[in-house]
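Reviewing the structure listed below.
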Amino acid sequence: RELLTHPNIEVIGQNWSYDTQHLVRSWGFRPRLGFDTLLAQHVCFPGIPKDLGFLASMYCEHYVYWKDELTDYRVLPDDLDKFWLYNAKDCAYTFEIQVVLKDLVAKLGFQSQCDYLHTLQRHVITMMIRGVAIDRKEKDRLSSDLLFELEHRQMEIGYLLSEPDFNISSPKQMKELFYDQIGMKVVVDKKTHEPTANKEALQLFGVREPILQPLTSLIEETRSISVFLSTFVRMPLDVDKRMRCSFSVGGPETFRFSSSKNAFGSGGNLQNIPKGNED
């Protein structure tokens, strides 16, 4: 604590917002970050990889790939020397990367932008540590209401298809229904180039055959409710029943924030929560 919070020491890190979550929870103090290699890379070259393995391959003179030496860094291996050696390599490579990137930021004329992101990161980490208070009674009530709406629609779909156990989450069953049984013209997914029954396909089925609209609308609503329930309403709380997530100021190349689960698996994307008042 004395070392990492000393005003005359510059702490160097890679994706420091992640490490800070562990240090605050395990040791009860927040270190003073001087330079984050991930943020510096983001300022200099937004849109290309920023992970430690990639940065080491770009900026370190004697680089040997080491990231597969541990299958899961969150679990201590039987051979602790292997764990500490892996950690030491992380530290050594991060230091060497910082030497190069700190000079590069200045040469490219991005010093003010880099300083701004570091300042912004400090405020963001404060948000991550504090978290958000949650009305748990309202959370439970909303969960119960959505479960009722979900079951009601699933029963309607089963009645329309005369298949009570039809699973709309099964791509196989959905494609068999619309392409093999109903005989709709195949809609191809733009990414996979495979036949699909995704949201866009369902909307197209309803346009092509208006008699299918009640069914396709029910399926879309059921999918939407299911996602809202599992992703947002049942988003896991932290140990003190507050909602916490990870905010990254060095994520998307557009320099907007990104949001995801925190280092301990609770929370989620708190930036894109639907209003929940759609009909």
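Just remember, in the structure tokens the first chain shown is A, the second B, etc., residues are 1-based per chain, and ligands are 1-based in the order shown.
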Quick check for you: according to DSSP on this backbone, which residues of region 26-266 of chain A are classed as alpha helix (DSSP H)? Reply as a PyMOL selection string. chain A and resi 26-27+37-44+52-59+80-107+111-130+136-161+171-175+199-208+213-227
Tell me, as a PyMOL selection string, which residues lie within 12 Å of Ile225 (chain A), counting only C-alpha atoms; anything in the same chain fewer than 6 positions away does not count. chain A and resi 142-154+218-219+231-234+274+276-279
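Residues lying within 12 Å of Met174 (chain A), counting only C-alpha atoms and ignoring same-chain neighbours fewer than 2 positions away, are Leu161, Phe166, Asn167, Ile168, Ser169, Ser170, Pro171, Lys172, Glu176, Leu177, Phe178, Tyr179, Asp180, Gln181, Ile182, Met184, Pro195, Thr196, Ala197, Asn198, Lys199, Ala201, Leu202, Leu215, Thr216 and Ile219 of chain A.
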Using only C-alpha atoms, pick whichever of A:Cys60, A:Leu204, A:Leu85, A:Ile129 has the shortest atom-to-atom distance to Asp19 (chain A). A:Ile129
For Leu104 (chain A), find every residue with an atom within 12 Å (counting only C-alpha atoms), except residues of its own chain fewer than 6 positions away, and show them as a JSON list (two decimals) with N, CA and C atoms, in the first residue's frame.
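Result went into selection.json, see below:
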[["chain", "number", "residue", "atom", "x", "y", "z"],
["A", 37, "THR", "N", -0.70, 1.17, -20.41],
["A", 37, "THR", "CA", -0.26, 0.87, -21.78],
["A", 37, "THR", "C", -1.43, 0.65, -22.73],
["A", 40, "ALA", "N", -2.68, 4.10, -23.80],
["A", 40, "ALA", "CA", -1.74, 4.73, -24.72],
["A", 40, "ALA", "C", -1.85, 4.14, -26.13],
["A", 41, "GLN", "N", -1.96, 2.83, -26.21],
["A", 41, "GLN", "CA", -2.14, 2.17, -27.51],
["A", 41, "GLN", "C", -3.45, 2.61, -28.15],
["A", 43, "VAL", "N", -5.01, 5.45, -27.80],
["A", 43, "VAL", "CA", -4.87, 6.82, -28.31],
["A", 43, "VAL", "C", -4.07, 6.84, -29.61],
["A", 44, "CYS", "N", -3.00, 6.09, -29.65],
["A", 44, "CYS", "CA", -2.12, 6.11, -30.83],
["A", 44, "CYS", "C", -2.73, 5.38, -32.02],
["A", 45, "PHE", "N", -3.32, 4.22, -31.77],
["A", 45, "PHE", "CA", -3.81, 3.38, -32.87],
["A", 45, "PHE", "C", -5.17, 2.78, -32.55],
["A", 59, "TYR", "N", 6.24, -4.15, -29.60],
["A", 59, "TYR", "CA", 7.15, -3.16, -29.02],
["A", 59, "TYR", "C", 8.33, -3.75, -28.24],
["A", 97, "ILE", "N", 6.94, -2.21, -22.86],
["A", 97, "ILE", "CA", 5.94, -1.59, -23.73],
["A", 97, "ILE", "C", 5.75, -0.13, -23.36],
["A", 98, "GLN", "N", 5.71, 0.15, -22.05],
["A", 98, "GLN", "CA", 5.52, 1.52, -21.58],
["A", 98, "GLN", "C", 6.64, 2.44, -22.04],
["A", 110, "PHE", "N", 0.09, 13.27, -29.20],
["A", 110, "PHE", "CA", -1.15, 12.85, -28.55],
["A", 110, "PHE", "C", -1.07, 12.92, -27.02],
["A", 111, "GLN", "N", -0.13, 13.72, -26.49],
["A", 111, "GLN", "CA", 0.06, 13.73, -25.05],
["A", 111, "GLN", "C", -1.18, 14.21, -24.30],
["A", 114, "CYS", "N", -3.86, 11.54, -24.34],
["A", 114, "CYS", "CA", -3.51, 10.42, -23.46],
["A", 114, "CYS", "C", -3.71, 10.81, -22.00]]
Name the residues in contact with Gln121 (chain A) at a cut-off of 9 Å, using only C-alpha atoms, excluding same-chain residues fewer than 2 positions from it; report them as a PyMOL selection string. chain A and resi 16-17+116-119+123-126+247-250
Generate a file of the selected residues that holds C-alpha atoms, formatted as a compact mmCIF listing (two decimals), in the first residue's frame.
# COMPACT_ATOMS: atom_id res chain seq x y z
CA TRP A 16 -5.42 -1.00 -15.01
CA SER A 17 -9.14 -0.67 -14.32
CA TYR A 116 -7.23 13.12 -20.67
CA LEU A 117 -8.01 9.39 -20.97
CA HIS A 118 -5.96 8.65 -17.85
CA THR A 119 -7.90 11.34 -15.94
CA HIS A 123 -13.29 8.87 -12.51
CA VAL A 124 -14.62 5.75 -14.21
CA ILE A 125 -12.86 3.49 -11.72
CA THR A 126 -14.56 5.45 -8.91
CA PHE A 247 -16.48 0.58 -17.77
CA SER A 248 -13.72 0.88 -20.34
CA VAL A 249 -12.51 4.21 -21.69
CA GLY A 250 -10.09 2.40 -24.00
